>>> print(open('protein_37.csv').read())   # CSV, C-alpha atoms and all ligand atoms
chain,number,residue,atom,x,y,z
A,12,MET,CA,-53.6,33.5,-28.5
A,13,ASP,CA,-55.2,32.6,-31.8
A,14,LEU,CA,-58.9,33.2,-31.1
A,15,LYS,CA,-60.1,32.0,-34.5
A,16,LYS,CA,-58.5,28.6,-34.2
A,17,TYR,CA,-59.8,28.2,-30.6
A,18,ILE,CA,-63.3,29.0,-31.8
A,19,GLU,CA,-63.1,26.6,-34.7
A,20,ALA,CA,-61.7,23.9,-32.5
A,21,GLY,CA,-64.6,24.5,-30.0
A,22,LYS,CA,-67.2,24.3,-32.7
A,23,ILE,CA,-65.9,21.0,-34.0
A,24,GLY,CA,-65.6,19.7,-30.5
A,25,LYS,CA,-69.2,20.6,-29.7
A,26,GLU,CA,-70.5,19.0,-32.9
A,27,ALA,CA,-68.4,15.8,-32.3
A,28,ARG,CA,-69.8,15.6,-28.7
A,29,GLU,CA,-73.4,15.8,-30.0
A,30,TYR,CA,-72.7,13.2,-32.6
A,31,GLY,CA,-71.0,10.9,-30.1
A,32,ALA,CA,-73.9,11.2,-27.6
A,33,GLU,CA,-76.3,10.0,-30.3
A,34,LEU,CA,-74.1,7.0,-31.0
A,35,ILE,CA,-73.9,5.7,-27.5
A,36,LYS,CA,-76.7,3.0,-27.3
A,37,GLU,CA,-77.2,-0.4,-25.8
A,38,ASN,CA,-75.1,-3.1,-27.6
A,39,VAL,CA,-73.0,-0.6,-29.6
A,40,SER,CA,-69.2,-1.1,-29.1
A,41,TYR,CA,-66.9,1.4,-27.5
A,42,TYR,CA,-64.5,0.9,-30.4
A,43,GLU,CA,-67.1,1.9,-33.0
A,44,VAL,CA,-68.1,5.1,-31.1
A,45,ALA,CA,-64.5,6.2,-30.5
A,46,GLU,CA,-63.4,5.6,-34.1
A,47,LYS,CA,-66.5,7.3,-35.6
A,48,VAL,CA,-66.2,10.4,-33.4
A,49,GLU,CA,-62.5,10.7,-34.1
A,50,LYS,CA,-63.2,10.4,-37.8
A,51,TYR,CA,-65.9,13.0,-37.5
A,52,ILE,CA,-63.3,15.4,-36.0
A,53,ILE,CA,-60.8,14.7,-38.8
A,54,ASP,CA,-63.4,15.0,-41.6
A,55,ALA,CA,-64.3,18.4,-40.1
A,56,GLY,CA,-60.8,19.7,-40.6
A,57,ALA,CA,-59.3,19.2,-37.1
A,58,PHE,CA,-57.5,16.5,-35.2
A,59,PRO,CA,-58.6,14.9,-31.9
A,60,SER,CA,-57.0,16.8,-28.9
A,61,PHE,CA,-56.8,13.4,-27.2
A,62,PRO,CA,-58.4,10.0,-27.7
A,63,VAL,CA,-62.2,9.9,-27.3
A,64,ASN,CA,-62.6,8.9,-23.6
A,65,LEU,CA,-65.6,6.5,-22.8
A,66,SER,CA,-65.6,6.0,-19.1
A,67,ARG,CA,-68.2,3.8,-17.5
A,68,ASN,CA,-70.0,4.1,-14.1
A,69,ASN,CA,-67.5,4.5,-11.3
A,70,ILE,CA,-64.7,5.2,-13.8
A,71,ALA,CA,-64.4,9.0,-14.1
A,72,ALA,CA,-61.9,9.3,-16.9
A,73,HIS,CA,-59.1,8.0,-19.1
A,74,TYR,CA,-60.5,4.9,-20.8
A,75,THR,CA,-60.3,4.6,-24.5
A,76,PRO,CA,-60.9,1.4,-26.4
A,77,VAL,CA,-58.1,-0.7,-27.9
A,78,LYS,CA,-58.2,-2.2,-31.4
A,79,GLY,CA,-60.3,-5.3,-31.2
A,80,ASP,CA,-61.9,-4.0,-27.9
A,81,ASN,CA,-64.8,-6.2,-26.8
A,82,MET,CA,-66.6,-3.7,-24.6
A,83,TYR,CA,-70.2,-2.8,-25.4
A,84,PHE,CA,-72.6,-0.3,-23.9
A,85,ARG,CA,-75.1,-2.0,-21.6
A,86,ARG,CA,-78.5,-0.8,-20.4
A,87,GLY,CA,-78.1,1.3,-17.2
A,88,ASP,CA,-74.5,2.3,-17.9
A,89,VAL,CA,-73.5,5.9,-17.1
A,90,ILE,CA,-70.9,6.8,-19.8
A,91,LYS,CA,-68.7,9.9,-19.6
A,92,LEU,CA,-68.0,11.0,-23.3
A,93,ASP,CA,-65.0,13.3,-23.1
A,94,LEU,CA,-63.4,14.5,-26.3
A,95,GLY,CA,-61.8,17.5,-28.0
A,96,ALA,CA,-60.6,18.8,-31.3
A,97,HIS,CA,-57.5,20.8,-32.1
A,98,VAL,CA,-56.8,23.2,-34.9
A,99,ASP,CA,-53.0,23.7,-35.3
A,100,GLY,CA,-52.6,22.8,-31.7
A,101,TYR,CA,-55.4,25.1,-30.4
A,102,ILE,CA,-57.5,22.9,-28.2
A,103,SER,CA,-61.1,22.2,-27.3
A,104,ASP,CA,-62.0,19.8,-24.5
A,105,THR,CA,-65.6,19.0,-23.8
A,106,ALA,CA,-67.6,16.3,-22.1
A,107,LEU,CA,-71.1,15.1,-21.3
A,108,THR,CA,-72.6,12.1,-19.5
A,109,VAL,CA,-75.0,9.6,-21.2
A,110,GLU,CA,-77.1,7.1,-19.3
A,111,VAL,CA,-77.8,4.1,-21.6
A,112,GLY,CA,-81.5,3.3,-21.8
A,113,THR,CA,-82.5,4.3,-18.2
A,114,ASN,CA,-83.1,7.5,-16.2
A,115,LYS,CA,-81.9,6.4,-12.8
A,116,TRP,CA,-79.0,8.9,-12.6
A,117,GLU,CA,-80.6,11.9,-14.2
A,118,ASN,CA,-80.2,14.0,-11.0
A,119,LEU,CA,-76.5,13.2,-10.7
A,120,ILE,CA,-75.9,14.1,-14.4
A,121,ASP,CA,-78.0,17.3,-14.1
A,122,ALA,CA,-76.0,18.3,-11.0
A,123,THR,CA,-72.8,18.4,-13.1
A,124,ARG,CA,-74.6,20.3,-15.9
A,125,GLU,CA,-76.1,22.9,-13.5
A,126,ALA,CA,-72.7,23.2,-11.7
A,127,LEU,CA,-71.1,24.1,-15.0
A,128,ASN,CA,-73.9,26.6,-15.9
A,129,ASN,CA,-73.6,28.3,-12.5
A,130,ALA,CA,-69.8,28.5,-12.9
A,131,ILE,CA,-70.3,30.1,-16.3
A,132,LYS,CA,-72.6,32.8,-14.8
A,133,THR,CA,-69.9,33.8,-12.3
A,134,LEU,CA,-67.0,33.9,-14.7
A,135,ARG,CA,-65.3,37.2,-15.1
A,136,PRO,CA,-61.7,38.4,-15.7
A,137,GLY,CA,-59.7,38.1,-12.5
A,138,ILE,CA,-61.9,35.5,-10.8
A,139,THR,CA,-60.1,33.2,-8.4
A,140,VAL,CA,-60.2,29.5,-9.2
A,141,SER,CA,-61.5,28.8,-5.7
A,142,GLU,CA,-64.6,30.9,-6.4
A,143,ILE,CA,-65.4,28.8,-9.4
A,144,GLY,CA,-64.8,25.7,-7.3
A,145,ARG,CA,-67.1,27.0,-4.6
A,146,VAL,CA,-70.0,27.5,-7.0
A,147,ILE,CA,-69.5,24.0,-8.4
A,148,GLU,CA,-69.3,22.4,-4.9
A,149,ASP,CA,-72.4,24.3,-3.7
A,150,THR,CA,-74.5,23.3,-6.7
A,151,ILE,CA,-73.5,19.6,-6.6
A,152,LYS,CA,-74.0,19.4,-2.8
A,153,SER,CA,-77.4,21.1,-3.0
A,154,SER,CA,-78.4,18.1,-5.2
A,155,GLY,CA,-77.3,15.7,-2.5
A,156,TYR,CA,-74.0,14.6,-4.1
A,157,ASN,CA,-70.3,15.2,-3.7
A,158,PRO,CA,-68.0,16.8,-6.2
A,159,ILE,CA,-64.8,14.9,-7.0
A,160,TYR,CA,-62.2,16.7,-5.0
A,161,ASN,CA,-59.2,15.3,-6.7
A,162,LEU,CA,-60.2,16.1,-10.3
A,163,THR,CA,-59.9,19.6,-11.8
A,164,GLY,CA,-60.4,21.8,-14.8
A,165,HIS,CA,-57.2,23.3,-16.2
A,166,GLY,CA,-55.6,26.0,-18.3
A,167,LEU,CA,-55.0,25.3,-22.0
A,168,ALA,CA,-52.3,26.4,-24.4
A,169,ARG,CA,-51.1,25.4,-27.8
A,170,TYR,CA,-50.4,21.6,-27.8
A,171,ASP,CA,-50.7,21.7,-24.0
A,172,LEU,CA,-53.8,20.1,-22.5
A,173,HIS,CA,-53.0,21.1,-18.9
A,174,HIS,CA,-51.4,24.5,-18.9
A,175,ARG,CA,-50.4,26.1,-15.6
A,176,ILE,CA,-53.6,26.5,-13.6
A,177,SER,CA,-55.9,23.9,-12.1
A,178,ILE,CA,-59.6,24.8,-11.5
A,179,PRO,CA,-60.9,22.7,-8.5
A,180,ASN,CA,-64.4,21.4,-8.1
A,181,TYR,CA,-64.6,22.8,-4.6
A,182,ASP,CA,-63.3,25.8,-2.7
A,183,ASP,CA,-59.7,24.9,-2.1
A,184,GLY,CA,-58.8,28.4,-0.9
A,185,SER,CA,-56.5,29.1,-3.9
A,186,VAL,CA,-56.0,32.7,-4.8
A,187,THR,CA,-54.9,31.9,-8.4
A,188,ARG,CA,-56.8,34.2,-10.7
A,189,ILE,CA,-57.9,33.7,-14.3
A,190,GLU,CA,-56.6,36.8,-16.2
A,191,PRO,CA,-57.0,37.4,-19.9
A,192,PRO,CA,-55.9,36.3,-22.4
A,193,MET,CA,-56.4,32.7,-21.2
A,194,ALA,CA,-58.0,29.5,-22.5
A,195,PHE,CA,-59.2,26.9,-20.0
A,196,ALA,CA,-61.6,24.1,-19.3
A,197,ILE,CA,-64.0,23.7,-16.4
A,198,GLU,CA,-65.2,20.2,-15.7
A,199,PRO,CA,-67.5,19.5,-12.7
A,200,PHE,CA,-67.6,15.8,-11.7
A,201,ALA,CA,-70.3,14.6,-9.2
A,202,THR,CA,-70.6,11.3,-7.4
A,203,ASP,CA,-72.8,9.5,-4.8
A,204,GLY,CA,-69.5,8.4,-3.3
A,205,ARG,CA,-67.0,10.2,-1.1
A,206,GLY,CA,-65.6,12.2,-4.0
A,207,TYR,CA,-62.1,10.8,-4.5
A,208,VAL,CA,-60.8,8.9,-7.4
A,209,LYS,CA,-57.8,6.5,-7.4
A,210,ASN,CA,-55.6,5.3,-10.2
A,211,GLY,CA,-56.6,2.0,-11.9
A,212,LYS,CA,-54.9,0.1,-14.7
A,213,GLY,CA,-53.8,1.8,-17.9
A,214,GLY,CA,-56.6,3.1,-20.1
A,215,ASN,CA,-54.7,2.8,-23.4
A,216,ILE,CA,-53.9,6.6,-23.6
A,217,TYR,CA,-50.2,7.7,-23.8
A,218,MET,CA,-48.3,11.0,-23.9
A,219,PHE,CA,-44.7,12.1,-24.5
A,220,ILE,CA,-43.1,13.3,-21.3
A,221,ARG,CA,-39.6,13.4,-22.7
A,222,THR,CA,-38.9,14.5,-26.3
A,223,GLU,CA,-35.1,14.8,-26.6
A,224,ASN,CA,-33.2,12.5,-29.1
A,225,LEU,CA,-36.3,10.6,-30.3
A,226,LYS,CA,-35.6,8.1,-33.1
A,227,GLY,CA,-37.5,5.7,-35.4
A,228,PHE,CA,-41.0,4.8,-34.3
A,229,TYR,CA,-41.0,7.3,-31.4
A,230,LEU,CA,-40.0,10.2,-33.6
A,231,ASP,CA,-42.7,9.2,-36.2
A,232,ILE,CA,-45.4,9.2,-33.6
A,233,PHE,CA,-44.1,12.4,-31.9
A,234,LYS,CA,-44.4,14.2,-35.2
A,235,LYS,CA,-48.0,13.2,-35.4
A,236,PHE,CA,-49.2,13.8,-31.8
A,237,ARG,CA,-46.6,16.2,-30.4
A,238,THR,CA,-47.2,16.7,-26.6
A,239,LEU,CA,-50.9,15.8,-26.7
A,240,PRO,CA,-52.3,12.5,-25.5
A,241,PHE,CA,-52.8,9.7,-28.1
A,242,ALA,CA,-54.4,6.3,-28.2
A,243,ALA,CA,-52.5,3.0,-28.6
A,244,ARG,CA,-54.8,2.1,-31.5
A,245,TRP,CA,-53.6,5.2,-33.4
A,246,CYS,CA,-50.2,3.5,-33.6
A,247,ALA,CA,-51.5,0.1,-34.9
A,248,ASP,CA,-49.8,0.6,-38.3
A,249,ASN,CA,-46.7,-0.8,-36.7
A,250,PRO,CA,-47.3,-4.5,-35.9
A,251,ASP,CA,-45.2,-4.2,-32.7
A,252,TYR,CA,-46.9,-1.1,-31.4
A,253,ILE,CA,-47.9,-2.5,-28.0
A,254,ALA,CA,-44.4,-3.6,-27.2
A,255,ILE,CA,-42.9,-0.4,-28.4
A,256,LEU,CA,-45.3,1.8,-26.4
A,257,GLY,CA,-44.5,-0.3,-23.3
A,258,LYS,CA,-40.8,0.1,-23.8
A,259,GLY,CA,-41.3,3.9,-24.2
A,260,VAL,CA,-43.0,4.0,-20.8
A,261,LYS,CA,-40.2,2.0,-19.2
A,262,MET,CA,-37.6,4.4,-20.7
A,263,GLY,CA,-39.4,7.4,-19.2
A,264,MET,CA,-40.3,8.8,-22.6
A,265,LEU,CA,-44.0,8.1,-22.5
A,266,HIS,CA,-46.6,8.4,-19.8
A,267,HIS,CA,-49.4,5.8,-19.8
A,268,PHE,CA,-52.5,7.4,-18.2
A,269,PRO,CA,-54.1,5.2,-15.6
A,270,ILE,CA,-57.9,5.1,-15.5
A,271,LEU,CA,-59.3,7.2,-12.7
A,272,LYS,CA,-62.0,5.6,-10.6
A,273,GLU,CA,-64.3,6.0,-7.6
A,274,LYS,CA,-65.0,2.9,-5.5
A,275,LYS,CA,-66.9,0.3,-7.4
A,276,LYS,CA,-70.4,0.7,-6.0
A,277,PHE,CA,-70.5,4.4,-6.7
A,278,MET,CA,-71.5,6.4,-9.9
A,279,VAL,CA,-69.7,9.3,-11.5
A,280,ALA,CA,-71.0,12.0,-13.9
A,281,GLN,CA,-69.2,14.8,-15.7
A,282,THR,CA,-69.9,17.9,-17.8
A,283,GLU,CA,-67.2,20.0,-19.4
A,284,HIS,CA,-66.8,23.1,-21.6
A,285,THR,CA,-63.8,25.0,-23.0
A,286,PHE,CA,-63.5,28.8,-22.5
A,287,VAL,CA,-61.5,31.6,-23.9
A,288,MET,CA,-61.2,34.8,-21.8
A,289,THR,CA,-60.2,37.8,-23.9
A,290,GLY,CA,-60.2,41.3,-22.4
A,291,ASP,CA,-63.5,41.5,-20.5
A,292,GLU,CA,-65.3,38.9,-22.7
A,293,VAL,CA,-65.6,35.1,-21.8
A,294,ILE,CA,-66.4,32.9,-24.8
A,295,VAL,CA,-67.7,29.3,-24.3
A,296,THR,CA,-66.1,27.7,-27.4
A,297,THR,CA,-67.9,24.3,-27.0
A,298,ARG,CA,-71.5,25.5,-26.3
B,301,MN,MN,-62.1,16.5,-21.0
B,302,MN,MN,-60.4,18.6,-19.4
>>> encode(input="protein_37.csv", output="structure tokens")
Amino acid sequence: MDLKKYIEAGKIGKEAREYGAELIKENVSYYEVAEKVEKYIIDAGAFPSFPVNLSRNNIAAHYTPVKGDNMYFRRGDVIKLDLGAHVDGYISDTALTVEVGTNKWENLIDATREALNNAIKTLRPGITVSEIGRVIEDTIKSSGYNPIYNLTGHGLARYDLHHRISIPNYDDGSVTRIEPPMAFAIEPFATDGRGYVKNGKGGNIYMFIRTENLKGFYLDIFKKFRTLPFAARWCADNPDYIAILGKGVKMGMLHHFPILKEKKKFMVAQTEHTFVMTGDEVIVTTR
């Protein structure tokens, strides 16, 4: 556990989140925001832990724009901005929700923020993940919404964005405990829907799932991104990148993340922080 690097990654993630939230405005493009926020992270001396996710309305997660993307933020959109920085593989992962130009979904967004704050208050070494989930679920339900039952927080390790444990957004009865030293992310999602997301089409985010005998283009990009998720547009130096990424998926070398979405008429909000538990101390690295 390299605490200094986790703290640096958290600080840069927090600043990038605040910068990104300011950029999300009516008629601004997804591409512009993603590229600017990723550049901000690199200029600060880190690398993105994963592509900047900009997920709209019923989409909960895993959309990042492509090169030449023609999506623009529109008045009334509810955008989950989810991003992270890594310093030498030590990760931060943080998110907030921005409503573009209106205040219709303020209570939904607040429910996720309060759920996370209440979870933070109960955190202590040895806490079970189901106790965290219960606090999140109770807070979100008391606001009249449902948590998303099939999305979770997760453990973090070097170059590993989902390490060992999952932290549910409800009491799933799990007796898994968080014991120091441990880095992890908690990410309450709330919705006016039933609280289940399904896979949609690919959201332009890829990750290596097999790393033996890599050659050529695959070896080049593996050296850059290791086992962390990366964006198709980050590979655009190669004119054939779309075909090559597609082939990598067919060969079982790459995973292409599907977007995760609630039913179309429902809205989804999210708030997320990264934590490091050391001894009896719990540090929120992205606050
Ligand atoms: Mn995240
Ligand atoms: Mn996360």
>>> residues_near_ligand(input="protein_37.csv", ligand="ligand MN 302 (chain B)", cutoff="8 Å", atoms="only C-alpha atoms and all ligand atoms", output="list in words")
Asp93, Asp104, Thr105, Thr163, Gly164, His165, Leu172, His173, Ala196, Ile197, Glu198 and Glu283 of chain A
>>> write_last_selection(input="protein_37.csv", atoms="C-alpha atoms", output="mmCIF file, keeping the file's coordinate frame")
data_model
loop_
_atom_site.group_PDB
_atom_site.id
_atom_site.type_symbol
_atom_site.label_atom_id
_atom_site.label_comp_id
_atom_site.auth_asym_id
_atom_site.auth_seq_id
_atom_site.Cartn_x
_atom_site.Cartn_y
_atom_site.Cartn_z
ATOM 1 C CA ASP A 93 -65.000 13.300 -23.100
ATOM 2 C CA ASP A 104 -62.000 19.800 -24.500
ATOM 3 C CA THR A 105 -65.600 19.000 -23.800
ATOM 4 C CA THR A 163 -59.900 19.600 -11.800
ATOM 5 C CA GLY A 164 -60.400 21.800 -14.800
ATOM 6 C CA HIS A 165 -57.200 23.300 -16.200
ATOM 7 C CA LEU A 172 -53.800 20.100 -22.500
ATOM 8 C CA HIS A 173 -53.000 21.100 -18.900
ATOM 9 C CA ALA A 196 -61.600 24.100 -19.300
ATOM 10 C CA ILE A 197 -64.000 23.700 -16.400
ATOM 11 C CA GLU A 198 -65.200 20.200 -15.700
ATOM 12 C CA GLU A 283 -67.200 20.000 -19.400
#
>>> residues_near_ligand(input="protein_37.csv", ligand="ligand MN 301 (chain B)", cutoff="12 Å", atoms="all atoms listed in the file", output="PyMOL selection string")
chain A and resi 24-25+28+59-66+71-74+91-96+102-108+162-167+172-173+195-200+240+281-285+297
>>> closest_residue(input="protein_37.csv", among="A:Arg145, A:Lys258, A:Lys152, A:Lys274", to="A:Asn210", atoms="all atoms listed in the file")
A:Lys274
>>> atom_distance(input="protein_37.csv", atom1="atom CA of A:Phe84", atom2="atom CA of A:Arg67")
8.8 Å
>>> closest_residue(input="protein_37.csv", among="A:Gly21, A:Pro269, A:Gly137, A:Gly227", to="A:Thr296", atoms="only C-alpha atoms")
A:Gly21
>>> residues_near_point(input="protein_37.csv", point="(-59.8, 23.4, -33.0)", cutoff="7 Å", atoms="all atoms listed in the file", output="list in words")
Lys16, Tyr17, Ile18, Glu19, Ala20, Gly21, Ile23, Ala57, Ala96, His97, Val98, Tyr101, Ile102 and Ser103 of chain A
>>> atom_distance(input="protein_37.csv", atom1="atom CA of A:Trp116", atom2="atom CA of A:Asn69")
12.4 Å
>>> atom_distance(input="protein_37.csv", atom1="atom CA of A:Thr123", atom2="atom CA of A:Thr187")
22.9 Å
>>> closest_residue(input="protein_37.csv", among="A:Ile120, A:Ala168, A:Ala45, A:Met288", to="A:Ala201", atoms="only C-alpha atoms")
A:Ile120
>>> residues_around(input="protein_37.csv", residues="A:Gly263", least_positions_apart="3", cutoff="12 Å", atoms="only C-alpha atoms", output="number ranges by chain")
A: 217-223, 225, 256-260, 266-267
>>> closest_residue(input="protein_37.csv", among="A:Lys235, A:Arg244, A:Arg169, A:Lys36", to="A:Gly79", atoms="all atoms listed in the file")
A:Arg244
>>> residues_around(input="protein_37.csv", residues="A:Glu110", least_positions_apart="3", cutoff="7 Å", atoms="only C-alpha atoms", output="list in words")
Gly87, Asp88, Val89, Ile90, Thr113 and Asn114 of chain A
>>> closest_residue(input="protein_37.csv", among="A:Ser141, A:Ser154, A:Asn118, A:Thr238", to="A:Asp171", atoms="all atoms listed in the file")
A:Thr238
>>> closest_residue(input="protein_37.csv", among="A:Leu134, A:Ile216, A:Ile143, A:Tyr207", to="A:Asp182", atoms="all atoms listed in the file")
A:Ile143
>>> axis_aligned_box(input="protein_37.csv", around="stretch 203-211 of chain A", padding_each_side="8 Å", output="AutoDock Vina command-line options")
--center_x -64.2 --center_y 7.1 --center_z -6.5 --size_x 33.2 --size_y 26.2 --size_z 26.8
>>> build_atoms(input="protein_37.csv", residues="stretch 287-297 of chain A", atoms="all heavy atoms", output="PDB file, keeping the file's coordinate frame")
ATOM      1  N   VAL A 287     -62.557  30.706 -23.599  1.00  0.00           N
ATOM      2  CA  VAL A 287     -61.500  31.600 -23.900  1.00  0.00           C
ATOM      3  C   VAL A 287     -61.842  32.974 -23.260  1.00  0.00           C
ATOM      4  O   VAL A 287     -62.938  33.495 -23.505  1.00  0.00           O
ATOM      5  CB  VAL A 287     -61.210  31.785 -25.392  1.00  0.00           C
ATOM      6  CG1 VAL A 287     -60.120  32.835 -25.636  1.00  0.00           C
ATOM      7  CG2 VAL A 287     -60.784  30.457 -26.007  1.00  0.00           C
ATOM      8  N   MET A 288     -60.955  33.484 -22.411  1.00  0.00           N
ATOM      9  CA  MET A 288     -61.200  34.800 -21.800  1.00  0.00           C
ATOM     10  C   MET A 288     -60.289  35.802 -22.543  1.00  0.00           C
ATOM     11  O   MET A 288     -59.072  35.642 -22.602  1.00  0.00           O
ATOM     12  CB  MET A 288     -60.793  34.737 -20.318  1.00  0.00           C
ATOM     13  CG  MET A 288     -61.269  35.920 -19.523  1.00  0.00           C
ATOM     14  SD  MET A 288     -60.716  35.761 -17.804  1.00  0.00           S
ATOM     15  CE  MET A 288     -62.049  34.830 -17.083  1.00  0.00           C
ATOM     16  N   THR A 289     -60.953  36.786 -23.154  1.00  0.00           N
ATOM     17  CA  THR A 289     -60.200  37.800 -23.900  1.00  0.00           C
ATOM     18  C   THR A 289     -60.678  39.159 -23.399  1.00  0.00           C
ATOM     19  O   THR A 289     -61.854  39.458 -23.467  1.00  0.00           O
ATOM     20  CB  THR A 289     -60.530  37.749 -25.407  1.00  0.00           C
ATOM     21  OG1 THR A 289     -61.917  38.015 -25.573  1.00  0.00           O
ATOM     22  CG2 THR A 289     -60.168  36.418 -26.012  1.00  0.00           C
ATOM     23  N   GLY A 290     -59.799  39.999 -22.923  1.00  0.00           N
ATOM     24  CA  GLY A 290     -60.200  41.300 -22.400  1.00  0.00           C
ATOM     25  C   GLY A 290     -61.310  41.060 -21.354  1.00  0.00           C
ATOM     26  O   GLY A 290     -61.124  40.261 -20.443  1.00  0.00           O
ATOM     27  N   ASP A 291     -62.473  41.701 -21.505  1.00  0.00           N
ATOM     28  CA  ASP A 291     -63.500  41.500 -20.500  1.00  0.00           C
ATOM     29  C   ASP A 291     -64.590  40.497 -21.008  1.00  0.00           C
ATOM     30  O   ASP A 291     -65.634  40.341 -20.406  1.00  0.00           O
ATOM     31  CB  ASP A 291     -64.151  42.780 -20.020  1.00  0.00           C
ATOM     32  CG  ASP A 291     -64.597  43.647 -21.180  1.00  0.00           C
ATOM     33  OD1 ASP A 291     -64.631  43.146 -22.331  1.00  0.00           O
ATOM     34  OD2 ASP A 291     -64.919  44.826 -20.937  1.00  0.00           O
ATOM     35  N   GLU A 292     -64.285  39.796 -22.100  1.00  0.00           N
ATOM     36  CA  GLU A 292     -65.300  38.900 -22.700  1.00  0.00           C
ATOM     37  C   GLU A 292     -64.854  37.414 -22.312  1.00  0.00           C
ATOM     38  O   GLU A 292     -63.668  37.081 -22.324  1.00  0.00           O
ATOM     39  CB  GLU A 292     -65.288  39.022 -24.188  1.00  0.00           C
ATOM     40  CG  GLU A 292     -66.501  38.432 -24.826  1.00  0.00           C
ATOM     41  CD  GLU A 292     -66.448  38.535 -26.366  1.00  0.00           C
ATOM     42  OE1 GLU A 292     -65.401  38.901 -26.907  1.00  0.00           O
ATOM     43  OE2 GLU A 292     -67.466  38.211 -26.991  1.00  0.00           O
ATOM     44  N   VAL A 293     -65.859  36.574 -22.015  1.00  0.00           N
ATOM     45  CA  VAL A 293     -65.600  35.100 -21.800  1.00  0.00           C
ATOM     46  C   VAL A 293     -66.418  34.375 -22.838  1.00  0.00           C
ATOM     47  O   VAL A 293     -67.646  34.467 -22.862  1.00  0.00           O
ATOM     48  CB  VAL A 293     -66.009  34.700 -20.377  1.00  0.00           C
ATOM     49  CG1 VAL A 293     -65.684  33.218 -20.204  1.00  0.00           C
ATOM     50  CG2 VAL A 293     -65.294  35.523 -19.326  1.00  0.00           C
ATOM     51  N   ILE A 294     -65.724  33.644 -23.715  1.00  0.00           N
ATOM     52  CA  ILE A 294     -66.400  32.900 -24.800  1.00  0.00           C
ATOM     53  C   ILE A 294     -66.395  31.412 -24.404  1.00  0.00           C
ATOM     54  O   ILE A 294     -65.357  30.865 -24.041  1.00  0.00           O
ATOM     55  CB  ILE A 294     -65.638  33.092 -26.112  1.00  0.00           C
ATOM     56  CG1 ILE A 294     -65.587  34.583 -26.481  1.00  0.00           C
ATOM     57  CG2 ILE A 294     -66.283  32.275 -27.237  1.00  0.00           C
ATOM     58  CD1 ILE A 294     -64.542  34.914 -27.530  1.00  0.00           C
ATOM     59  N   VAL A 295     -67.576  30.791 -24.458  1.00  0.00           N
ATOM     60  CA  VAL A 295     -67.700  29.300 -24.300  1.00  0.00           C
ATOM     61  C   VAL A 295     -67.527  28.730 -25.661  1.00  0.00           C
ATOM     62  O   VAL A 295     -68.451  28.796 -26.458  1.00  0.00           O
ATOM     63  CB  VAL A 295     -69.008  28.925 -23.638  1.00  0.00           C
ATOM     64  CG1 VAL A 295     -68.974  27.453 -23.234  1.00  0.00           C
ATOM     65  CG2 VAL A 295     -69.364  29.801 -22.444  1.00  0.00           C
ATOM     66  N   THR A 296     -66.384  28.141 -25.960  1.00  0.00           N
ATOM     67  CA  THR A 296     -66.100  27.700 -27.400  1.00  0.00           C
ATOM     68  C   THR A 296     -66.884  26.444 -27.722  1.00  0.00           C
ATOM     69  O   THR A 296     -67.082  26.175 -28.895  1.00  0.00           O
ATOM     70  CB  THR A 296     -64.635  27.503 -27.634  1.00  0.00           C
ATOM     71  OG1 THR A 296     -64.182  26.355 -26.913  1.00  0.00           O
ATOM     72  CG2 THR A 296     -63.814  28.731 -27.271  1.00  0.00           C
ATOM     73  N   THR A 297     -67.278  25.652 -26.739  1.00  0.00           N
ATOM     74  CA  THR A 297     -67.900  24.300 -27.000  1.00  0.00           C
ATOM     75  C   THR A 297     -69.392  24.293 -26.780  1.00  0.00           C
ATOM     76  O   THR A 297     -69.974  23.218 -26.772  1.00  0.00           O
ATOM     77  CB  THR A 297     -67.186  23.238 -26.176  1.00  0.00           C
ATOM     78  OG1 THR A 297     -67.151  23.664 -24.804  1.00  0.00           O
ATOM     79  CG2 THR A 297     -65.779  22.960 -26.660  1.00  0.00           C
TER      80      THR A 297
END
